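Quick notes on the structure that follows.
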Amino acid sequence: MSMVMIGLEIHAQITALNSKLFCSCRGNYRELRPNSNICEICCGLPGSLPIINQKAIEYSTMTSIALGCKVPDKIMFYRKNYFYPDLPKNFQITQYNVYGISSIGIDGKYELDDAKQIRISRIQLEEDPGRIVYSEGGMNVRNTALIDYNRAGVALIEIVTEPDFTGPKEVRQFLNKLSLTLEHLGVCDTLLEGSVRCDVNVSMNGGNKVEIKNINSFKEVEKAINYEITRQSSVYNRNLNIQLETRHWDDKKKITFKARSKEEEHDYRYFPEPDIPVIVLGSDFVTNLKQRMPELPNQRFERFILKYKLSEHTSNILINDKKLADFFESTLKIHFSPTEIANILVTDFKSLIEDDTESTDYLKNLKVKPEHIAELVKLIEGNKISRITAKDILVKIFESGKLPSEVVNSSNSYKIADEKTIMDAVQSVFDTEKAAVEDAKKNREAINFLLGKVMKLTKGRADPKIAIRLINSKLSDPEKQ
Amino acid sequence: MTKLDDLLAYEVVEGLTEGQFTAEEYVISILKRIEEVEPKVHSFITLDTEGALSSAKIIDKKIREKEDIGQLAGVTVGIKDNISTQGIRTTCASKILENYVPTYDATVIRNLKENGAILLGKLNLDEFGMGSTTEYSRYHPTHNPWNLDYVPGGSSGGSGAAVAAGECTVALGSDTGGSIRCPSSFCSVVGLKPTYGRVSRSGLISYANSLEQIGPICRSVKDLIMMLNIISGKDAMDNTSIPSSPITVPNKSKKLNVAVIKELVTGSDQEVAKSVFSASEKFQEIGFSCEEVSIKNLHYALPSYYTLASAEASSNLARYDNIRYGFDYPIGEYNWDTYFSNVRENFGEEVKRRILIGSYVLSSGYYGKYYLKARRLRSLLRLELLTLFKKYDLLIGPTMPILPFKFGEKIDDPIKMYLVDVNTVIANLAGIPAISLPIGFSNGLPIGLQIMAAPFEEQKLIDASYELEKVIHIQRRPNSI
């Protein structure tokens, strides 16, 4: 069995910000005409100076707290110098901890489901470069390369872990939890294209570390790791050495490939950014922020169990989909019936939306709103409709957006509580299922079969309690009407 | 009456307000003066005749319509060509920015325009401010108006020469290691490097961000006060700017404690030292106390300065890759692997030298040995000076250790060239204000006195300079042109 060590370097854009990290250009650069979301600052025009976005410091601090990091009293920025055309200044303003602590978070711990801890070495705030669009044939055929600086200067949070992962599954779990945390904090909408990126370090059997760069979504990370483990194993099995190198992930071919050697030999010549004075956060800043911070997923999980008396299983399903959990709590505000509402949401409701969960705002576009679910639950609890009927009603309101009461009225789906109507159904079943009736007289278990038949006949509308009572009495006294 | 082109700034504002002449008449007189002397002095890189005339007409219209014309109305200002001017080419005297036209005004330019100042054009400098003679300008050297065979000092040599020659009422320079004070001394004008943070650097094309400030160069202390008040202030576009209180024109002399820096005088030419001693006697005559002090860490100043300035420059100048702006480059020669190094050949020798030095002192393995050590020495020096300012209001010495020299005298030996900055770099390293005031001539070559004060104590500098100016009568206009 080979030993695998994996470390991650995650870049998450602070999509919550209205503006970029150092200027007032829009933080949301998506779907804009190339090079229309730029100014002298994010284009690094001569003489322009970076103006620090205070909100970015708050969001990155919240992220650091959520990932169990220490937040220092003072932070500062460094310049990372390297030449690349997507970098308007040919340096990136970032943070650096080699000459003393400068970054917004250090020494964190983040727990996976099985209580295994992943150490976070640092969290830093930095600017995103622009985007290079290569001509047909990708970056190896360099006829033309177009540069779009709309993204340049967008605030990024870099999260660096220690190499504590032993396989792709742990990585997936971590990234899922991290996405959820970022979403709960409102820091990053991880479903937006390009909002999260990941570099992965993989080493096997204590061998050299291979860095895989440019994995542009969390989903691809697992694939890249699996590919790399297979590749390294086959090198290892041939008794060859694994090279210390940087590789790129090709998400079309699903392979990693070796980066040009030039890209590896970097001396970034870090030094303190002179244009941004040291920022003194102070202990009050962190204390205040902790109080104002949105609830984290595990806090919410515990609250759901304590306050709403939900099962761990149900709470988990809700928490793992923040939008669903939000929907749940909105419904509660209209009608407080946690168990009933949660059950509908995590079962029938969830199965109806399952196909759509990839899109960012899938709940926003739904025709069904919390009002609908609240009313549906009221109808169930008021004994107006059966649970079986409720399922059908849900499908109908999903399609039409009509209120449950309207659907129930127009389709005449109210629960049947009238004994005579139910008795007619029981009689009809007794007439057709003679063998089963005889069986049931001897074996009480067979009653459920008869009940099922009655329910089917009434399209699920019969009140099952009344039906059972009528079946029982008819079994013991066949003449009774 | 004095000739129009010989008026001081406050006289221009008075004359206009009182209707003695129109702004247009005044600007025409200045343009005539430029036409007359520019072929000998070569102060300008770009002259904006049309812009100046149309600004003058606007002011005249405002006067006719009795509108507010601003505190600097009609004052013609020459701008060092490393300060961004919207729509006017800004080259930094470099070929690498030959075709660069800024899209925005530096904050100081906005301040000047809002106060009715008339921009005349862009003044010569050593490429990117790196030099002390203007010989490193990639366009042409500027000549000293007091003797055309001599250098005007640098790097703001165009600014010093233009003000001395009467080609503009006042000028803006920038001072990273003495670049305002050196030409002020060599050209016999008043120049101030403000406290770091008093004047916004937004739009000043960075050479060494942590050291430099924009400052005024004028023919009188009173003009300097007007200019300083207009360009000072906390600026939202510069995170390193700091609010300050305005300077007032002294109405009664205050008694100040002055100390002559021994090492600076003993390290100077005899003629220069003699002049400084006579100035200190003048201070005593007007009732100031005068002592001698020693600065222990002085010999660290120059190496510390050149290490830090070069380090910052190497990073600041990385953005000049001729991708987004720059100079004409044949399109056929774009090649991914060689483009950067090809276009950056276009830097001058001195700039290349400092980029190399700067990259070296920041590279891994040398950072601690050079860059970090230089920063520590800078702190030591600053601390020592701040301690001295607890005892003394002002520290004085010669601005330049030598008299102006002839073209070509030092250009072949960079170390010789660097050594002339030994007196001026102190103020930049410590972030304190320093002024150079004309105090006499030797063989027709000007000598300047440097006065330094504690951070934000510009008022003391001005008080002392104003008093000294009154008692030392200096010839204002050179005979040679």
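Here's how to read the names in the structure tokens: chain A, B, ... by the order shown, residue numbers from 1 in each chain, ligand numbers from 1 in the order shown.
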Just the residues within 12 Å of Glu220 of chain A, please, counting only C-alpha atoms, with nothing from its chain fewer than 5 positions along; format it as a list in words.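 Selected residues are Pro168, Val171, Arg172, Leu175, Val196, Arg197, Cys198, Asp199, Val200, Ile212, Lys213, Asn214, Ile215, Ile225, Asn226, Tyr227, Trp249, Asp250, Asp251, Lys252, Lys253, Lys254, Ile255 and Thr256 of chain A.
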Keeping only C-alpha atoms, write those residues as a CSV table (one decimal), in the first residue's frame.
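Saved to out-v1.csv:
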chain,number,residue,atom,x,y,z
A,168,PRO,CA,-8.9,12.3,-2.9
A,171,VAL,CA,-10.0,16.3,-0.2
A,172,ARG,CA,-13.5,16.2,-1.6
A,175,LEU,CA,-13.7,21.1,-0.2
A,196,VAL,CA,-12.7,29.0,-6.8
A,197,ARG,CA,-9.5,27.5,-8.0
A,198,CYS,CA,-7.2,24.9,-6.5
A,199,ASP,CA,-3.5,24.0,-6.7
A,200,VAL,CA,-2.7,20.6,-5.4
A,212,ILE,CA,-0.7,20.6,-10.1
A,213,LYS,CA,-1.8,24.1,-11.0
A,214,ASN,CA,-4.8,25.6,-12.5
A,215,ILE,CA,-7.6,23.3,-11.4
A,225,ILE,CA,-5.6,13.8,-7.9
A,226,ASN,CA,-6.7,10.4,-9.1
A,227,TYR,CA,-4.9,10.9,-12.3
A,249,TRP,CA,-4.4,20.1,-15.3
A,250,ASP,CA,-6.0,19.9,-18.7
A,251,ASP,CA,-9.7,19.7,-17.9
A,252,LYS,CA,-10.6,18.7,-21.4
A,253,LYS,CA,-8.3,15.8,-21.7
A,254,LYS,CA,-8.4,15.1,-18.0
A,255,ILE,CA,-4.7,14.7,-17.7
A,256,THR,CA,-1.9,16.6,-16.0
Pull out every residue of chain A that has at least one atom within 10 Å of chain B, counting only C-alpha atoms, and report them as a PDB file with C-alpha atoms, in the first residue's frame.
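Generated file (iface-v5.pdb):
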ATOM      1  CA  CYS A  23     -10.032  50.121  -6.647  1.00  0.00           C
ATOM      2  CA  CYS A  39      -9.332  51.701 -14.246  1.00  0.00           C
ATOM      3  CA  GLU A  40      -5.877  53.192 -13.781  1.00  0.00           C
ATOM      4  CA  ILE A  41      -5.408  51.290 -10.522  1.00  0.00           C
ATOM      5  CA  CYS A  43      -4.491  48.296 -14.873  1.00  0.00           C
ATOM      6  CA  GLY A  44      -1.425  49.403 -12.945  1.00  0.00           C
ATOM      7  CA  LEU A  45      -1.089  52.630 -14.916  1.00  0.00           C
ATOM      8  CA  PRO A  46       1.987  54.644 -13.905  1.00  0.00           C
ATOM      9  CA  GLY A  47       1.430  56.630 -10.724  1.00  0.00           C
ATOM     10  CA  SER A  48      -1.714  54.841  -9.586  1.00  0.00           C
ATOM     11  CA  LEU A  49      -1.770  53.593  -6.012  1.00  0.00           C
ATOM     12  CA  PRO A  50      -3.697  50.701  -4.429  1.00  0.00           C
ATOM     13  CA  ILE A  51      -6.506  51.765  -2.084  1.00  0.00           C
ATOM     14  CA  ILE A  52      -7.315  48.957   0.323  1.00  0.00           C
ATOM     15  CA  ARG A  79       4.796  42.373  -3.484  1.00  0.00           C
ATOM     16  CA  LYS A  80       5.350  39.107  -5.308  1.00  0.00           C
ATOM     17  CA  ASN A  81       7.404  39.986  -8.357  1.00  0.00           C
ATOM     18  CA  TYR A  82       7.180  38.002 -11.568  1.00  0.00           C
ATOM     19  CA  PHE A  83       6.600  38.773 -15.213  1.00  0.00           C
ATOM     20  CA  TYR A  84       3.397  37.539 -16.769  1.00  0.00           C
ATOM     21  CA  PRO A  85       1.154  39.401 -19.203  1.00  0.00           C
ATOM     22  CA  LEU A  87      -0.371  40.826 -14.282  1.00  0.00           C
ATOM     23  CA  PRO A  88      -0.664  44.534 -15.135  1.00  0.00           C
ATOM     24  CA  LYS A  89       2.085  45.651 -12.738  1.00  0.00           C
ATOM     25  CA  ASN A  90       4.212  42.529 -13.217  1.00  0.00           C
ATOM     26  CA  PHE A  91       3.906  42.005  -9.510  1.00  0.00           C
ATOM     27  CA  TYR A  99       9.941  37.617   7.344  1.00  0.00           C
ATOM     28  CA  ARG A 142       0.947  30.627 -29.405  1.00  0.00           C
ATOM     29  CA  ASN A 143      -0.249  32.547 -32.359  1.00  0.00           C
ATOM     30  CA  THR A 144      -2.145  35.130 -30.422  1.00  0.00           C
ATOM     31  CA  ALA A 145      -3.072  35.617 -26.821  1.00  0.00           C
ATOM     32  CA  ILE A 147      -5.708  39.676 -22.345  1.00  0.00           C
ATOM     33  CA  LYS A 262      10.655  28.475 -17.080  1.00  0.00           C
ATOM     34  CA  ASP A 267      12.500  33.938  -7.235  1.00  0.00           C
ATOM     35  CA  TYR A 268       9.579  36.151  -6.392  1.00  0.00           C
ATOM     36  CA  ARG A 269      11.673  38.786  -4.585  1.00  0.00           C
ATOM     37  CA  TYR A 270       8.999  39.430  -1.966  1.00  0.00           C
ATOM     38  CA  PHE A 271       9.206  42.733  -0.123  1.00  0.00           C
ATOM     39  CA  PRO A 272       6.722  44.866   1.859  1.00  0.00           C
ATOM     40  CA  GLU A 273       4.294  46.859  -0.330  1.00  0.00           C
ATOM     41  CA  PRO A 274       5.282  50.483   0.319  1.00  0.00           C
ATOM     42  CA  ASP A 275       1.976  51.941  -0.886  1.00  0.00           C
ATOM     43  CA  ILE A 276      -0.155  50.268   1.785  1.00  0.00           C
ATOM     44  CA  PRO A 277       0.753  51.116   5.372  1.00  0.00           C
ATOM     45  CA  VAL A 278       0.691  48.375   8.006  1.00  0.00           C
TER      46      VAL A 278
END
For Ser268 of chain B, list every protein, DNA or RNA residue within 10 Å, evaluated using only C-alpha atoms, and leave out those in the same chain fewer than 2 positions away; present the list as a PyMOL selection string. chain B and resi 263-266+270-274+276+397-403+420+423
Atom pair atom CA of Gly153 of chain A / atom CA of Thr94 of chain A: separation (Å):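 A separation of 10.9 Å between them.
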Could you pull out the residues in segment 5-140 of chain B that DSSP calls strand (DSSP E or B) from the backbone, as a compact mmCIF listing (two decimals) with C-alpha atoms, in the first residue's frame?
# COMPACT_ATOMS: atom_id res chain seq x y z
CA PHE B 44 10.91 71.31 -21.08
CA ILE B 45 10.13 67.93 -22.57
CA THR B 46 6.60 68.91 -23.59
CA LEU B 47 5.27 72.45 -23.81
CA THR B 76 2.07 79.42 -14.45
CA VAL B 77 3.30 76.07 -13.23
CA GLY B 78 5.82 73.77 -14.84
CA ILE B 79 5.34 70.11 -13.96
CA LYS B 80 8.08 67.57 -13.61
CA ILE B 83 3.66 63.61 -12.54
CA THR B 85 -1.33 64.95 -16.46
CA ILE B 88 -0.63 65.47 -21.77
CA ILE B 118 -2.05 77.41 -15.44
CA LEU B 119 -0.11 74.33 -16.53
CA LEU B 120 2.63 75.19 -18.98
CA GLY B 121 3.99 71.78 -19.75
CA LYS B 122 6.24 69.01 -18.62
CA LEU B 123 9.76 69.54 -17.33
Would you list the contacts of Val154 of chain A as a list in words, taking every protein, DNA or RNA residue within 6 Å and counting only C-alpha atoms, but skipping same-chain residues closer than 2 positions in sequence?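 Surrounding residues, per the criterion: Lys20, Leu21, Gly27, Glu127, Asp128, Arg151 and Ala152 of chain A.
Of the residues listed (A:Leu379, A:Val426, A:Leu185, A:Ile132), A:Leu185 shows the shortest atom-to-atom separation from Ile65 of chain A; distances use only C-alpha atoms.
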Nearby residues (only C-alpha atoms) at most 10 Å from Gly197 of chain B, same-chain spacing under 6 positions excluded, as an MDAnalysis selection string: chainID B and resid 210:214 232:235 238:244 431:432 455:456
Excluding Asn28 of chain A and its own-chain neighbours fewer than 5 positions away, which residues fall within 10 Å of it when counting only C-alpha atoms? Please give them as an NGL selection string. :A and (13-20 or 37 or 150-151 or 154)
Hey, what's within 7 Å of Glu98 of chain B if we count only C-alpha atoms and toss same-chain stuff fewer than 6 positions away? As number ranges by chain, please? B: 91, 326-327
Writer output for current selection, N, CA and C atoms, as a PDB file, in the first residue's frame:
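The resulting file, part_6.pdb, is reproduced below:
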ATOM      1  N   THR B  91       6.370  61.343 -19.787  1.00  0.00           N
ATOM      2  CA  THR B  91       7.394  60.383 -20.241  1.00  0.00           C
ATOM      3  C   THR B  91       8.359  59.896 -19.164  1.00  0.00           C
ATOM      4  N   GLY B 326       3.178  52.633 -23.896  1.00  0.00           N
ATOM      5  CA  GLY B 326       4.640  52.693 -23.945  1.00  0.00           C
ATOM      6  C   GLY B 326       5.173  53.420 -25.152  1.00  0.00           C
ATOM      7  N   PHE B 327       5.726  52.677 -26.082  1.00  0.00           N
ATOM      8  CA  PHE B 327       6.343  53.286 -27.253  1.00  0.00           C
ATOM      9  C   PHE B 327       6.044  52.433 -28.476  1.00  0.00           C
TER      10      PHE B 327
END
So the first atom is atom CA of Ser233 of chain A and the second is atom CA of Ser2 of chain A; what is the distance between them in Å, to one decimal place?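 Atom-to-atom, atom CA of Ser233 of chain A and atom CA of Ser2 of chain A are spaced 8.2 Å apart.
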Just to confirm, what's the straight-line distance from atom CA of Lys434 of chain A to atom CA of Lys415 of chain A in Å (one decimal)?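 Those two atoms sit 26.8 Å apart.
The smallest atom-to-atom distance between Val151 of chain B and any of B:Thr17, B:Thr169, B:Asn428, B:Ser132, using only C-alpha atoms, is found for B:Ser132.
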Best match for closeness to Glu409 of chain B among B:Ser137, B:Asp149, B:Asp60, B:Leu72, counting only C-alpha atoms: B:Asp149
Apply DSSP to the backbone of this structure and, from segment 321-405 of chain B, keep only the residues in helix (DSSP H, G or I); write these as JSON, numbers by chain. {"B": [331, 332, 333, 339, 340, 341, 342, 343, 344, 345, 346, 349, 350, 351, 352, 353, 354, 355, 356, 357, 358, 359, 360, 361, 362, 367, 368, 369, 370, 371, 372, 373, 374, 375, 376, 377, 378, 379, 380, 381, 382, 383, 384, 385, 386, 387, 388, 389, 390, 391]}
Those residues you just picked out, can you put them in a file as a short mmCIF file (atom, residue, chain, number, x, y, z; two decimals), in the first residue's frame with N, CA and C atoms?
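Listing of part.cif after writing:
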data_model
loop_
_atom_site.label_atom_id
_atom_site.label_comp_id
_atom_site.auth_asym_id
_atom_site.auth_seq_id
_atom_site.Cartn_x
_atom_site.Cartn_y
_atom_site.Cartn_z
N ILE B 331 5.07 45.45 -34.76
CA ILE B 331 4.16 44.38 -34.36
C ILE B 331 4.70 43.01 -34.71
N GLY B 332 5.50 42.92 -35.77
CA GLY B 332 6.03 41.63 -36.21
C GLY B 332 6.98 41.00 -35.21
N GLU B 333 7.43 41.79 -34.25
CA GLU B 333 8.46 41.27 -33.36
C GLU B 333 7.91 40.76 -32.02
N TYR B 339 9.75 38.83 -25.71
CA TYR B 339 9.18 40.17 -25.83
C TYR B 339 9.58 41.09 -24.67
N PHE B 340 9.40 40.59 -23.45
CA PHE B 340 9.71 41.42 -22.28
C PHE B 340 11.16 41.91 -22.31
N SER B 341 12.09 40.99 -22.53
CA SER B 341 13.49 41.39 -22.47
C SER B 341 13.84 42.31 -23.65
N ASN B 342 13.20 42.09 -24.80
CA ASN B 342 13.47 42.98 -25.93
C ASN B 342 13.01 44.40 -25.67
N VAL B 343 11.76 44.56 -25.23
CA VAL B 343 11.26 45.93 -25.08
C VAL B 343 11.93 46.64 -23.91
N ARG B 344 12.33 45.89 -22.91
CA ARG B 344 12.94 46.52 -21.74
C ARG B 344 14.40 46.92 -21.96
N GLU B 345 14.93 46.53 -23.12
CA GLU B 345 16.22 47.07 -23.57
C GLU B 345 16.17 48.58 -23.67
N ASN B 346 14.96 49.09 -23.83
CA ASN B 346 14.77 50.51 -24.11
C ASN B 346 14.95 51.41 -22.88
N GLU B 349 20.80 53.34 -19.33
CA GLU B 349 21.81 52.57 -18.59
C GLU B 349 21.65 52.70 -17.08
N GLU B 350 21.41 53.92 -16.58
CA GLU B 350 21.33 54.12 -15.14
C GLU B 350 20.10 53.40 -14.57
N VAL B 351 19.00 53.46 -15.31
CA VAL B 351 17.78 52.78 -14.87
C VAL B 351 18.03 51.27 -14.82
N LYS B 352 18.66 50.76 -15.86
CA LYS B 352 18.97 49.32 -15.88
C LYS B 352 19.86 48.95 -14.70
N ARG B 353 20.83 49.81 -14.42
CA ARG B 353 21.75 49.54 -13.30
C ARG B 353 20.95 49.40 -12.01
N ARG B 354 20.02 50.36 -11.78
CA ARG B 354 19.29 50.31 -10.51
C ARG B 354 18.30 49.14 -10.47
N ILE B 355 17.74 48.78 -11.62
CA ILE B 355 16.85 47.61 -11.63
C ILE B 355 17.66 46.35 -11.27
N LEU B 356 18.87 46.29 -11.81
CA LEU B 356 19.72 45.12 -11.51
C LEU B 356 20.10 45.08 -10.04
N ILE B 357 20.52 46.24 -9.52
CA ILE B 357 20.90 46.29 -8.10
C ILE B 357 19.69 45.92 -7.23
N GLY B 358 18.55 46.51 -7.57
CA GLY B 358 17.35 46.28 -6.79
C GLY B 358 16.90 44.83 -6.82
N SER B 359 16.97 44.21 -7.99
CA SER B 359 16.58 42.81 -8.10
C SER B 359 17.53 41.94 -7.29
N TYR B 360 18.78 42.32 -7.32
CA TYR B 360 19.80 41.55 -6.59
C TYR B 360 19.57 41.61 -5.08
N VAL B 361 19.36 42.82 -4.56
CA VAL B 361 19.24 42.93 -3.09
C VAL B 361 17.94 42.34 -2.57
N LEU B 362 16.97 42.07 -3.46
CA LEU B 362 15.71 41.46 -3.03
C LEU B 362 15.70 39.95 -3.24
N TYR B 367 18.29 39.04 0.50
CA TYR B 367 17.30 39.92 1.11
C TYR B 367 17.75 40.34 2.52
N GLY B 368 18.14 39.36 3.32
CA GLY B 368 18.55 39.65 4.69
C GLY B 368 19.85 40.43 4.74
N LYS B 369 20.73 40.09 3.82
CA LYS B 369 22.06 40.69 3.82
C LYS B 369 22.02 42.16 3.39
N TYR B 370 21.12 42.50 2.47
CA TYR B 370 21.09 43.87 1.97
C TYR B 370 19.80 44.61 2.29
N TYR B 371 18.70 44.14 1.74
CA TYR B 371 17.45 44.90 1.87
C TYR B 371 17.05 45.09 3.33
N LEU B 372 17.02 43.99 4.07
CA LEU B 372 16.57 44.05 5.45
C LEU B 372 17.50 44.90 6.30
N LYS B 373 18.82 44.73 6.04
CA LYS B 373 19.81 45.52 6.77
C LYS B 373 19.60 47.00 6.48
N ALA B 374 19.35 47.32 5.24
CA ALA B 374 19.13 48.73 4.86
C ALA B 374 17.91 49.30 5.58
N ARG B 375 16.88 48.49 5.72
CA ARG B 375 15.67 48.95 6.43
C ARG B 375 15.97 49.22 7.90
N ARG B 376 16.78 48.34 8.49
CA ARG B 376 17.12 48.52 9.91
C ARG B 376 17.93 49.79 10.10
N LEU B 377 18.86 50.03 9.17
CA LEU B 377 19.68 51.24 9.28
C LEU B 377 18.82 52.47 9.11
N ARG B 378 17.84 52.35 8.25
CA ARG B 378 16.91 53.47 8.04
C ARG B 378 16.19 53.79 9.34
N SER B 379 15.71 52.76 10.04
CA SER B 379 15.02 52.98 11.31
C SER B 379 15.94 53.59 12.34
N LEU B 380 17.19 53.10 12.38
CA LEU B 380 18.17 53.64 13.32
C LEU B 380 18.37 55.13 13.10
N LEU B 381 18.56 55.49 11.84
CA LEU B 381 18.81 56.88 11.48
C LEU B 381 17.61 57.75 11.85
N ARG B 382 16.43 57.24 11.55
CA ARG B 382 15.21 58.00 11.85
C ARG B 382 15.09 58.23 13.35
N LEU B 383 15.34 57.16 14.11
CA LEU B 383 15.26 57.29 15.57
C LEU B 383 16.24 58.32 16.09
N GLU B 384 17.46 58.28 15.55
CA GLU B 384 18.48 59.22 16.02
C GLU B 384 18.06 60.66 15.72
N LEU B 385 17.52 60.86 14.53
CA LEU B 385 17.10 62.21 14.15
C LEU B 385 15.92 62.68 15.01
N LEU B 386 14.97 61.79 15.25
CA LEU B 386 13.81 62.18 16.06
C LEU B 386 14.26 62.56 17.48
N THR B 387 15.27 61.86 17.97
CA THR B 387 15.81 62.21 19.28
C THR B 387 16.43 63.61 19.24
N LEU B 388 17.18 63.89 18.17
CA LEU B 388 17.78 65.22 18.05
C LEU B 388 16.71 66.32 18.00
N PHE B 389 15.59 66.00 17.35
CA PHE B 389 14.54 67.03 17.22
C PHE B 389 13.82 67.29 18.54
N LYS B 390 14.08 66.45 19.55
CA LYS B 390 13.53 66.77 20.87
C LYS B 390 14.28 67.96 21.46
N LYS B 391 15.54 68.09 21.02
CA LYS B 391 16.38 69.15 21.57
C LYS B 391 16.41 70.37 20.64
#
